[in-house]
$ cat query-v6.tsv   # TSV, C-alpha atoms
chain	number	residue	atom	x	y	z
R	142	HIS	CA	36.94	37.17	-8.42
R	143	GLY	CA	34.02	35.36	-6.76
R	144	THR	CA	32.88	32.12	-5.14
R	145	GLU	CA	31.80	28.88	-6.89
R	146	ARG	CA	30.28	25.70	-5.48
R	147	CYS	CA	30.96	22.27	-6.96
R	148	ARG	CA	27.71	20.24	-7.41
R	149	LEU	CA	27.57	16.54	-8.23
R	150	THR	CA	24.82	15.80	-10.76
R	151	LEU	CA	22.72	14.18	-9.82
R	152	LYS	CA	12.72	-30.35	-26.65
R	153	ALA	CA	12.26	-32.21	-26.20
R	154	ARG	CA	8.65	-33.29	-25.61
R	155	ILE	CA	5.16	-31.88	-25.87
R	156	PRO	CA	2.05	-32.81	-23.88
R	157	SER	CA	-0.45	-34.90	-25.81
R	158	GLY	CA	-3.62	-33.42	-27.24
R	159	LEU	CA	-2.02	-30.26	-28.62
R	160	ALA	CA	-2.56	-29.35	-32.27
R	161	ILE	CA	-1.39	-25.80	-32.88
R	162	ALA	CA	0.88	-23.57	-34.94
R	163	VAL	CA	4.16	-22.38	-33.62
R	164	GLY	CA	4.99	-18.77	-32.77
R	165	PHE	CA	8.18	-17.11	-31.64
R	166	TRP	CA	9.65	-17.47	-28.20
R	167	LEU	CA	8.72	-14.36	-26.29
R	168	ALA	CA	11.18	-14.53	-23.41
R	169	VAL	CA	13.67	-11.96	-22.30
R	170	THR	CA	15.71	-12.01	-19.16
R	171	SER	CA	16.44	-9.15	-16.81
R	172	THR	CA	19.82	-7.71	-15.99
R	173	VAL	CA	18.66	-5.23	-13.36
R	174	GLN	CA	20.33	-5.97	-10.05
R	175	ALA	CA	17.43	-6.19	-7.64
R	176	GLN	CA	13.76	-5.52	-7.15
R	177	TRP	CA	11.46	-8.26	-6.00
R	178	ILE	CA	7.78	-8.97	-6.38
R	179	THR	CA	5.67	-12.14	-6.10
R	180	GLN	CA	3.51	-13.06	-9.07
R	181	SER	CA	0.59	-15.33	-8.15
R	182	PHE	CA	-0.91	-17.89	-10.52
R	183	SER	CA	-4.36	-19.37	-9.86
R	184	LEU	CA	-4.19	-22.99	-11.01
R	185	LYS	CA	-6.68	-25.84	-11.36
R	186	ALA	CA	-6.16	-29.56	-11.22
R	187	GLY	CA	-4.76	-30.71	-14.55
R	188	TRP	CA	-3.17	-28.53	-17.22
R	189	ASN	CA	-2.82	-24.75	-16.87
R	190	ALA	CA	-1.17	-22.14	-19.08
R	191	ILE	CA	0.74	-19.36	-17.32
R	192	PHE	CA	2.76	-16.37	-18.44
R	193	SER	CA	5.55	-15.05	-16.23
R	194	HIS	CA	6.12	-11.30	-15.83
R	195	VAL	CA	8.93	-11.94	-13.35
R	196	ASP	CA	12.40	-13.41	-13.72
R	197	ALA	CA	12.98	-16.07	-11.06
R	198	SER	CA	16.20	-17.42	-12.55
R	199	HIS	CA	18.00	-16.86	-9.23
R	200	THR	CA	16.61	-20.23	-8.13
R	201	THR	CA	15.64	-23.57	-9.72
R	202	LEU	CA	12.44	-25.55	-10.06
R	203	ASP	CA	14.05	-28.22	-7.89
R	204	GLN	CA	14.25	-25.60	-5.14
R	205	LEU	CA	10.87	-24.01	-5.85
R	206	ILE	CA	8.92	-27.24	-6.22
R	207	GLY	CA	11.00	-30.38	-5.89
R	208	SER	CA	12.12	-29.69	-2.33
R	209	ASP	CA	8.47	-29.63	-1.14
R	210	PRO	CA	6.88	-33.10	-1.29
R	211	ASP	CA	3.42	-31.55	-0.76
R	212	HIS	CA	3.71	-29.09	-3.64
R	213	PRO	CA	0.95	-30.02	-6.13
R	214	VAL	CA	2.78	-28.97	-9.30
R	215	GLN	CA	3.94	-32.12	-11.07
R	216	GLU	CA	5.27	-30.87	-14.41
R	217	VAL	CA	6.30	-27.57	-15.99
R	218	TRP	CA	6.80	-27.10	-19.74
R	219	LEU	CA	8.46	-24.03	-21.24
R	220	TRP	CA	7.57	-22.94	-24.78
R	221	GLN	CA	10.69	-21.63	-26.55
R	222	PRO	CA	10.53	-21.83	-30.34
R	223	GLN	CA	13.39	-20.21	-32.18
R	224	PRO	CA	12.52	-17.85	-35.06
R	225	ALA	CA	14.97	-19.57	-37.42
R	226	THR	CA	13.28	-22.96	-36.93
R	227	MET	CA	9.63	-21.88	-36.83
R	228	GLN	CA	7.34	-24.70	-37.87
R	229	PHE	CA	3.62	-25.36	-38.23
R	230	ILE	CA	2.17	-28.18	-36.12
R	231	THR	CA	-0.96	-29.80	-37.56
R	232	THR	CA	-1.38	-32.95	-35.47
R	233	PRO	CA	-1.07	-33.71	-31.76
R	234	GLN	CA	2.27	-34.93	-30.55
R	235	GLN	CA	2.74	-37.37	-27.68
R	236	PRO	CA	5.18	-36.77	-24.81
R	237	GLY	CA	8.58	-38.04	-25.85
R	238	GLY	CA	8.42	-36.70	-29.41
R	239	ALA	CA	11.67	-35.04	-30.44
R	240	GLY	CA	12.19	-31.86	-32.40
R	241	THR	CA	9.56	-29.67	-30.73
R	242	PRO	CA	10.06	-26.24	-29.13
R	243	TRP	CA	9.17	-27.53	-25.65
R	244	VAL	CA	11.54	-28.13	-22.74
R	245	ASN	CA	10.32	-29.59	-19.48
R	246	TRP	CA	10.80	-30.29	-15.80
R	247	ALA	CA	8.99	-33.15	-14.05
R	248	ARG	CA	8.82	-34.14	-10.40
R	249	GLY	CA	10.68	-37.36	-9.68
R	250	ASN	CA	12.75	-37.13	-12.84
R	251	THR	CA	14.68	-33.91	-12.38
R	252	ALA	CA	17.89	-35.49	-13.66
R	253	ALA	CA	16.31	-35.58	-17.12
R	254	ALA	CA	14.96	-32.01	-16.92
R	255	THR	CA	15.69	-29.91	-19.98
R	256	PHE	CA	15.20	-26.63	-18.16
R	257	GLN	CA	15.28	-25.55	-14.52
R	258	ARG	CA	14.63	-21.82	-14.19
R	259	VAL	CA	11.56	-19.61	-14.61
R	260	ILE	CA	12.35	-16.66	-16.87
R	261	ALA	CA	10.20	-13.62	-17.67
R	262	ASN	CA	8.06	-12.89	-20.72
R	263	ALA	CA	7.65	-16.60	-21.35
R	264	ALA	CA	4.68	-19.00	-21.51
R	265	TYR	CA	4.51	-22.29	-19.62
R	266	LEU	CA	2.23	-25.30	-19.30
R	267	VAL	CA	1.86	-26.46	-15.71
R	268	ARG	CA	0.28	-29.75	-14.61
R	269	VAL	CA	-1.25	-29.73	-11.13
R	270	SER	CA	-2.00	-32.92	-9.19
R	271	SER	CA	-5.58	-34.17	-9.63
R	272	ASN	CA	-6.17	-34.34	-5.88
R	273	VAL	CA	-6.06	-30.53	-5.64
R	274	THR	CA	-9.10	-28.58	-6.83
R	275	THR	CA	-7.43	-25.18	-6.97
R	276	PHE	CA	-3.99	-23.94	-6.02
R	277	THR	CA	-2.27	-20.53	-5.95
R	278	TRP	CA	1.38	-20.73	-6.93
R	279	GLY	CA	3.41	-17.69	-5.92
R	280	ILE	CA	6.76	-17.09	-7.62
R	281	LYS	CA	9.03	-14.34	-6.31
R	282	GLY	CA	11.21	-12.78	-8.97
R	283	LYS	CA	12.42	-9.57	-10.56
R	284	PRO	CA	9.75	-7.71	-12.54
R	285	VAL	CA	10.64	-7.37	-16.22
R	286	PRO	CA	9.06	-4.88	-18.65
R	287	PRO	CA	7.03	-6.53	-21.44
R	288	ARG	CA	8.84	-7.42	-24.64
R	289	TYR	CA	7.30	-9.52	-27.39
R	290	GLN	CA	7.90	-10.86	-30.85
R	291	TRP	CA	4.80	-11.72	-32.82
R	292	THR	CA	4.20	-14.00	-35.77
R	293	SER	CA	1.25	-13.48	-38.09
R	294	THR	CA	1.67	-16.92	-39.74
R	295	GLY	CA	0.90	-19.14	-36.76
R	296	LEU	CA	-0.22	-19.19	-33.17
R	297	ASN	CA	1.50	-17.15	-30.49
R	298	PHE	CA	1.64	-18.57	-26.96
R	299	ILE	CA	1.55	-15.36	-24.92
R	300	GLY	CA	0.14	-13.46	-21.98
R	301	PHE	CA	-0.76	-9.80	-21.69
R	302	PRO	CA	0.36	-7.17	-19.11
R	303	THR	CA	-3.16	-6.47	-17.86
R	304	THR	CA	-4.02	-5.06	-14.45
R	305	THR	CA	-3.65	-7.39	-11.49
R	306	THR	CA	-7.05	-6.49	-10.04
R	307	SER	CA	-10.25	-6.33	-12.11
R	308	PRO	CA	-8.64	-7.30	-15.44
R	309	PRO	CA	-10.58	-6.37	-18.59
R	310	ASP	CA	-12.42	-8.87	-20.75
R	311	PHE	CA	-11.12	-9.65	-24.25
R	312	GLU	CA	-13.80	-7.53	-25.92
R	313	THR	CA	-12.67	-4.46	-23.97
R	314	PHE	CA	-8.95	-5.20	-24.04
R	315	LEU	CA	-8.79	-5.63	-27.82
R	316	ALA	CA	-11.01	-2.61	-28.58
R	317	PRO	CA	-8.00	-0.31	-29.27
R	318	ALA	CA	-6.83	-2.84	-31.92
R	319	PRO	CA	-9.98	-3.37	-34.05
R	320	GLU	CA	-8.27	-5.41	-36.80
R	321	LEU	CA	-6.80	-7.85	-34.29
R	322	LYS	CA	-10.12	-8.00	-32.46
R	323	ARG	CA	-11.97	-8.95	-35.66
R	324	GLY	CA	-9.47	-11.54	-36.85
R	325	ALA	CA	-8.00	-13.07	-33.70
R	326	GLU	CA	-8.48	-16.72	-32.83
R	327	ILE	CA	-7.82	-17.36	-29.15
R	328	PHE	CA	-7.44	-20.71	-27.37
R	329	GLN	CA	-7.54	-21.23	-23.61
R	330	TYR	CA	-6.62	-24.09	-21.26
R	331	LEU	CA	-9.44	-25.12	-18.93
R	332	GLY	CA	-7.63	-27.39	-16.49
R	333	GLY	CA	-8.13	-31.15	-16.50
R	334	ASP	CA	-6.66	-33.46	-19.15
R	335	LEU	CA	-5.45	-32.37	-22.55
R	336	GLY	CA	-7.65	-33.39	-25.45
R	337	PRO	CA	-9.50	-32.19	-28.56
R	338	ASN	CA	-11.29	-29.50	-26.52
R	339	ASN	CA	-8.41	-28.53	-24.26
R	340	PRO	CA	-7.10	-26.05	-25.22
R	341	SER	CA	-10.52	-24.77	-26.27
R	342	ARG	CA	-11.37	-22.04	-28.78
R	343	LEU	CA	-12.53	-18.96	-26.90
R	344	PHE	CA	-15.74	-17.38	-28.15
R	345	ALA	CA	-17.05	-15.61	-25.04
R	346	MET	CA	-14.97	-12.48	-25.61
R	347	ARG	CA	-17.23	-10.27	-23.50
R	348	THR	CA	-17.14	-12.44	-20.40
R	349	THR	CA	-13.64	-13.95	-20.42
R	350	PRO	CA	-11.10	-11.87	-18.50
R	351	VAL	CA	-7.60	-11.30	-19.84
R	352	THR	CA	-6.10	-12.46	-16.55
R	353	ARG	CA	-2.58	-11.26	-15.84
R	354	GLY	CA	-0.33	-14.30	-15.67
R	355	GLU	CA	-2.50	-16.52	-17.88
R	356	ALA	CA	-1.14	-17.61	-21.28
R	357	PHE	CA	-3.28	-18.02	-24.39
R	358	TRP	CA	-2.72	-19.29	-27.89
R	359	VAL	CA	-3.50	-16.37	-30.22
R	360	ARG	CA	-3.60	-16.37	-34.00
R	361	SER	CA	-3.76	-12.88	-35.48
R	362	GLY	CA	-5.59	-13.83	-38.65
R	363	GLY	CA	-2.77	-12.52	-40.83
R	364	VAL	CA	-2.74	-9.11	-39.13
R	365	PHE	CA	0.69	-7.76	-38.29
R	366	ASN	CA	0.27	-7.03	-34.61
R	367	ARG	CA	2.14	-4.72	-32.29
R	368	TYR	CA	-0.66	-4.27	-29.78
R	369	PHE	CA	-0.20	-5.62	-26.27
R	370	GLY	CA	-1.91	-2.75	-24.46
R	371	PRO	CA	-3.06	0.85	-25.07
R	372	PHE	CA	0.35	2.40	-24.36
R	373	ASP	CA	3.95	1.55	-25.08
R	374	THR	CA	6.92	2.11	-22.77
R	375	ASP	CA	10.24	2.74	-24.49
R	376	LEU	CA	13.02	2.48	-21.92
R	377	GLN	CA	16.55	3.84	-22.11
R	378	ASN	CA	17.58	0.37	-20.91
R	379	PRO	CA	15.11	-2.37	-21.98
R	380	ALA	CA	15.74	-4.24	-18.73
R	381	GLY	CA	14.62	-1.35	-16.52
R	382	VAL	CA	15.91	1.76	-14.79
R	383	ASN	CA	19.37	1.15	-13.33
R	384	PHE	CA	21.25	4.16	-11.93
R	385	ARG	CA	24.21	1.98	-10.91
R	386	ASP	CA	26.57	3.92	-8.62
R	387	ASP	CA	27.37	6.74	-11.01
R	388	LEU	CA	24.23	7.85	-12.90
R	389	SER	CA	21.85	10.58	-11.79
R	390	GLN	CA	19.08	10.38	-14.38
R	391	ASN	CA	17.29	7.98	-16.69
R	392	ARG	CA	14.72	8.47	-19.45
R	393	LEU	CA	11.68	6.66	-20.75
R	394	ARG	CA	9.08	7.47	-23.41
R	395	LEU	CA	5.37	6.85	-23.10
R	396	ARG	CA	3.51	6.38	-26.38
R	397	ASN	CA	-0.28	6.26	-26.82
R	398	LEU	CA	-1.45	3.40	-29.06
R	399	HIS	CA	-5.13	4.22	-28.57
R	400	ALA	CA	-7.37	6.15	-30.99
R	401	GLY	CA	-8.42	8.56	-28.24
R	402	PRO	CA	-6.69	10.52	-25.46
R	403	LEU	CA	-5.13	8.40	-22.72
R	404	THR	CA	-3.79	9.19	-19.27
R	405	VAL	CA	-0.83	7.14	-18.04
R	406	THR	CA	-0.11	7.15	-14.31
R	407	MET	CA	3.20	6.28	-12.65
R	408	GLN	CA	3.36	5.24	-9.01
R	409	TRP	CA	5.98	3.77	-6.73
R	410	VAL	CA	5.78	0.19	-5.40
R	411	ASN	CA	8.21	-0.94	-2.73
R	412	SER	CA	10.27	-4.04	-3.37
R	413	GLU	CA	9.61	-7.17	-1.36
R	414	ALA	CA	12.44	-8.57	0.73
R	415	ALA	CA	15.18	-10.20	-1.32
R	416	PRO	CA	15.23	-14.02	-1.38
R	417	SER	CA	17.88	-15.84	0.58
R	418	GLY	CA	21.30	-15.48	-0.99
R	419	GLN	CA	20.42	-12.30	-2.92
R	420	PRO	CA	21.68	-8.76	-2.12
R	421	SER	CA	19.51	-6.99	0.43
R	422	ILE	CA	17.75	-3.77	-0.51
R	423	VAL	CA	18.26	-1.06	2.10
R	424	GLN	CA	15.31	1.10	1.00
R	425	ALA	CA	13.64	2.76	-1.97
R	426	PRO	CA	15.82	5.15	-3.95
R	427	PRO	CA	14.87	8.85	-3.58
R	428	LEU	CA	13.42	9.48	-7.05
R	429	LEU	CA	12.61	12.81	-8.68
R	430	VAL	CA	10.46	13.26	-11.78
R	431	ARG	CA	11.40	16.22	-13.96
R	432	GLY	CA	8.64	18.72	-14.62
R	433	GLU	CA	8.21	21.62	-17.03
R	434	LEU	CA	10.96	24.02	-18.03
R	435	ASN	CA	10.84	27.44	-16.36
R	436	MET	CA	11.60	29.86	-19.20
R	437	THR	CA	12.52	32.63	-16.73
R	438	ASN	CA	15.52	30.92	-15.18
R	439	LEU	CA	15.83	27.96	-17.60
R	440	THR	CA	15.53	25.36	-14.84
R	441	TYR	CA	13.26	22.35	-14.59
R	442	ALA	CA	10.83	21.81	-11.78
R	443	SER	CA	10.82	18.39	-10.14
R	444	THR	CA	8.62	16.39	-7.82
R	445	ASN	CA	9.47	13.62	-5.42
R	446	LEU	CA	7.80	10.41	-6.55
R	447	SER	CA	7.34	9.30	-2.94
R	448	SER	CA	4.86	12.17	-2.45
R	449	GLY	CA	2.33	10.54	-4.76
R	450	PRO	CA	1.65	9.28	-8.31
R	451	ARG	CA	2.42	11.32	-11.44
R	452	SER	CA	0.19	11.33	-14.52
R	453	TRP	CA	0.57	12.36	-18.16
R	454	THR	CA	-2.36	12.84	-20.55
R	455	LEU	CA	-1.40	11.81	-24.09
R	456	ALA	CA	-3.17	12.87	-27.27
R	457	ALA	CA	-4.67	10.23	-29.57
R	458	GLN	CA	-2.27	7.95	-31.44
R	459	GLY	CA	-0.39	9.73	-34.23
R	460	GLN	CA	-1.31	13.23	-33.08
R	461	ILE	CA	1.01	15.86	-31.64
R	462	GLY	CA	1.33	15.14	-27.95
R	463	SER	CA	0.73	11.38	-28.26
R	464	GLU	CA	4.23	10.76	-26.88
R	465	VAL	CA	6.05	12.17	-23.89
R	466	GLU	CA	9.57	11.81	-22.57
R	467	VAL	CA	9.77	11.23	-18.84
R	468	VAL	CA	13.06	12.04	-17.11
R	469	ILE	CA	13.63	10.38	-13.74
R	470	GLY	CA	16.45	11.40	-11.45
R	471	VAL	CA	17.86	9.99	-8.24
R	472	ASP	CA	18.75	12.39	-5.43
R	473	ARG	CA	22.07	10.97	-4.35
R	474	SER	CA	22.36	13.48	-1.53
R	475	GLN	CA	19.59	11.51	0.19
R	476	MET	CA	21.32	8.15	-0.30
R	477	THR	CA	23.07	8.08	3.06
R	478	ALA	CA	23.65	4.33	3.33
R	479	ALA	CA	27.17	2.96	3.11
R	480	ALA	CA	28.87	2.89	-0.27
R	481	GLY	CA	27.80	-0.17	-2.21
R	482	SER	CA	24.37	-0.37	-0.54
R	483	LEU	CA	21.56	-1.34	-2.88
R	484	TYR	CA	18.40	0.74	-3.29
R	485	GLY	CA	15.51	-0.72	-5.29
R	486	GLY	CA	11.83	-0.81	-6.08
R	487	ILE	CA	9.29	-0.75	-8.89
R	488	LEU	CA	7.70	1.92	-11.09
R	489	ARG	CA	4.14	0.82	-11.90
R	490	LEU	CA	2.54	2.32	-15.01
R	491	THR	CA	-1.21	2.04	-15.56
R	492	ASP	CA	-3.66	3.69	-17.95
R	493	SER	CA	-6.99	5.47	-17.62
R	494	LEU	CA	-8.79	2.66	-19.50
R	495	ASN	CA	-7.67	0.22	-16.78
R	496	LEU	CA	-6.32	-2.17	-19.40
R	497	SER	CA	-2.59	-2.48	-18.73
R	498	GLN	CA	-0.06	-2.60	-15.91
R	499	VAL	CA	3.63	-2.32	-16.72
R	500	ASP	CA	6.10	-2.86	-13.87
R	501	VAL	CA	9.52	-1.29	-14.43
R	502	PRO	CA	12.31	-2.26	-12.02
R	503	VAL	CA	14.44	0.51	-10.55
R	504	SER	CA	17.80	0.12	-8.83
R	505	ALA	CA	20.60	2.39	-7.61
R	506	VAL	CA	23.81	1.78	-5.70
R	507	ALA	CA	25.16	4.20	-3.13
R	508	GLY	CA	28.43	5.54	-4.49
R	509	SER	CA	31.60	6.40	-2.65
R	510	THR	CA	32.72	10.01	-2.26
R	511	ALA	CA	36.34	9.01	-1.55
R	512	GLY	CA	38.68	11.21	-3.55
R	513	LEU	CA	35.86	13.53	-4.70
R	514	TRP	CA	35.67	17.19	-3.85
R	515	VAL	CA	32.11	17.97	-2.72
R	516	GLY	CA	32.60	21.17	-0.72
R	517	SER	CA	32.88	24.86	-1.55
R	518	ALA	CA	35.74	26.67	-3.24
R	519	SER	CA	36.63	30.33	-3.03
R	520	VAL	CA	38.07	31.87	-6.21
R	521	ASN	CA	40.28	34.74	-5.03
R	522	GLN	CA	42.41	35.29	-8.09
R	523	VAL	CA	42.06	34.80	-11.84
R	524	GLN	CA	45.11	34.72	-14.10
R	525	HIS	CA	45.14	34.65	-17.88
R	526	TYR	CA	47.26	31.71	-19.04
R	527	LEU	CA	48.05	33.10	-22.50
R	528	LYS	CA	51.39	34.90	-23.05
R	529	ALA	CA	52.61	36.78	-26.08
R	530	TYR	CA	55.98	35.79	-27.58
R	531	GLN	CA	58.19	37.66	-30.05
R	532	LYS	CA	58.25	35.87	-33.43
R	533	ASP	CA	61.07	35.61	-35.98
R	534	GLY	CA	60.81	36.03	-39.73
R	535	ASP	CA	59.34	32.50	-40.12
R	536	GLY	CA	56.61	33.18	-37.61
R	537	LYS	CA	58.17	31.02	-34.90
R	538	PRO	CA	58.50	32.18	-31.26
R	539	VAL	CA	61.85	33.62	-30.30
R	540	VAL	CA	62.84	31.70	-27.18
R	541	GLY	CA	66.43	32.71	-26.64
$ encode --input "query-v6.tsv" --output "structure tokens"
Amino acid sequence: HGTERCRLTLKARIPSGLAIAVGFWLAVTSTVQAQWITQSFSLKAGWNAIFSHVDASHTTLDQLIGSDPDHPVQEVWLWQPQPATMQFITTPQQPGGAGTPWVNWARGNTAAATFQRVIANAAYLVRVSSNVTTFTWGIKGKPVPPRYQWTSTGLNFIGFPTTTTSPPDFETFLAPAPELKRGAEIFQYLGGDLGPNNPSRLFAMRTTPVTRGEAFWVRSGGVFNRYFGPFDTDLQNPAGVNFRDDLSQNRLRLRNLHAGPLTVTMQWVNSEAAPSGQPSIVQAPPLLVRGELNMTNLTYASTNLSSGPRSWTLAAQGQIGSEVEVVIGVDRSQMTAAAGSLYGGILRLTDSLNLSQVDVPVSAVAGSTAGLWVGSASVNQVQHYLKAYQKDGDGKPVVG
């Protein structure tokens, strides 16, 4: 006897003047339903190298650029070598050369474009009209967690997930990876025309910022590299945190890659408005971060992420406590919008060295309670369902 309550738990061508070795394509697309943020690229007249941390494949370059006759971007080239066909380039190749890992879009010739959409974790060359000194190009897309493949036999065309404001210089950023710092050769585009000195070898490591959104050619000097920042984020779903309409929790692991202690901080960033034609986001999902286990009643404490950032201090790489599992839940009792409504936003992870910024998209869909029992139930009677039967000589029940 008693009372119980039911609880729902929660190629084509390559710009001239480029003599480099080929690395792997570093792109990965996002499958998370919705979270939006604008990544801004500071461009100069001439050739610029950019690295996209957002997936803007919901639209095309014709729509982003071609529809605006005053837009100063004239050409966009996407670097997408395939691992199976990696090659080593030793001499410059002129535009129009076949068999290279480049695909391109050009104003006025979009019918011949070999790609149309800006994807995340990918490097691009962008040519800006010479009559514009500087230009800020904003691209709204879905944030995508970093994912890279690295080759130690050639040059990698990559960008790093550094902080948006006050990015570190190369000397500081590479300090946690001393072997890479000693052996790396880095090349940077300076704007203007391509030529023997553009891209240029970078020697001013202490004064050159690792700007978020800028792409660089990097040769590791034979070092096998897995360093792209002082901490690593291992997600349950590599594309981000997606609660769908039926999940109540999601997990991620934070791993310190630094030789000393490191504090990683998680904070909430609201999504921007969805672009035209994309599902609207009603609001941020009500997220809870699981705390420590209470050994008295064997329950976990939790905090609401909207009340402020959460931080975890990790021991030095390889030591006990250098990794932590973070469990994030969504409080569906607070998701009062109509069934099918989309909640979304961004988890931003930063470190105490101010080196990296990792944006993790979060989405949840309000579920329907139709057909589900969510109230209370009174248990007034308990009956044992087992019944004893007489057995015959073979051990079988006697039924008649």
$ atom_distance --input "query-v6.tsv" --atom1 "CA of Ala345 (chain R)" --atom2 "CA of Ile327 (chain R)"
10.3 Å
$ atom_distance --input "query-v6.tsv" --atom1 "CA of Arg385 (chain R)" --atom2 "CA of Ser509 (chain R)"
11.9 Å
$ closest_residue --input "query-v6.tsv" --among "R:Ser497, R:Thr437, R:Ser504, R:Ser421" --to "Thr304 (chain R)" --atoms "only C-alpha atoms"
R:Ser497
$ atom_distance --input "query-v6.tsv" --atom1 "CA of Arg367 (chain R)" --atom2 "CA of His194 (chain R)"
18.2 Å
$ closest_atom_pairs --input "query-v6.tsv" --of "region 280-336 of chain R" --to "region 398-420 of chain R" --cutoff "12 Å" --atoms "all atoms listed in the file" --output "JSON lines"
{"residue": "R:Ile280", "atom": "CA", "partner": "R:Pro416", "partner_atom": "CA", "distance": 11.0}
{"residue": "R:Lys281", "atom": "CA", "partner": "R:Pro416", "partner_atom": "CA", "distance": 7.9}
{"residue": "R:Gly282", "atom": "CA", "partner": "R:Pro416", "partner_atom": "CA", "distance": 8.7}
{"residue": "R:Lys283", "atom": "CA", "partner": "R:Ser412", "partner_atom": "CA", "distance": 9.3}
{"residue": "R:Pro284", "atom": "CA", "partner": "R:Ser412", "partner_atom": "CA", "distance": 9.9}
{"residue": "R:Phe314", "atom": "CA", "partner": "R:His399", "partner_atom": "CA", "distance": 11.1}
{"residue": "R:Leu315", "atom": "CA", "partner": "R:His399", "partner_atom": "CA", "distance": 10.5}
{"residue": "R:Ala316", "atom": "CA", "partner": "R:His399", "partner_atom": "CA", "distance": 9.0}
{"residue": "R:Pro317", "atom": "CA", "partner": "R:His399", "partner_atom": "CA", "distance": 5.4}
{"residue": "R:Ala318", "atom": "CA", "partner": "R:His399", "partner_atom": "CA", "distance": 8.0}
{"residue": "R:Pro319", "atom": "CA", "partner": "R:Ala400", "partner_atom": "CA", "distance": 10.3}
$ residues_around --input "query-v6.tsv" --residues "Phe311 (chain R)" --least-positions-apart "6" --cutoff "8 Å" --atoms "only C-alpha atoms" --output "list in words"
Met346, Arg347, Thr348, Thr349, Pro350 and Val351 of chain R
$ residues_around --input "query-v6.tsv" --residues "region 352-355 of chain R" --least-positions-apart "5" --cutoff "10 Å" --atoms "all atoms listed in the file" --output "PyMOL selection string"
chain R and resi 180-184+189-195+262+264-265+299-311+329-330+497-498
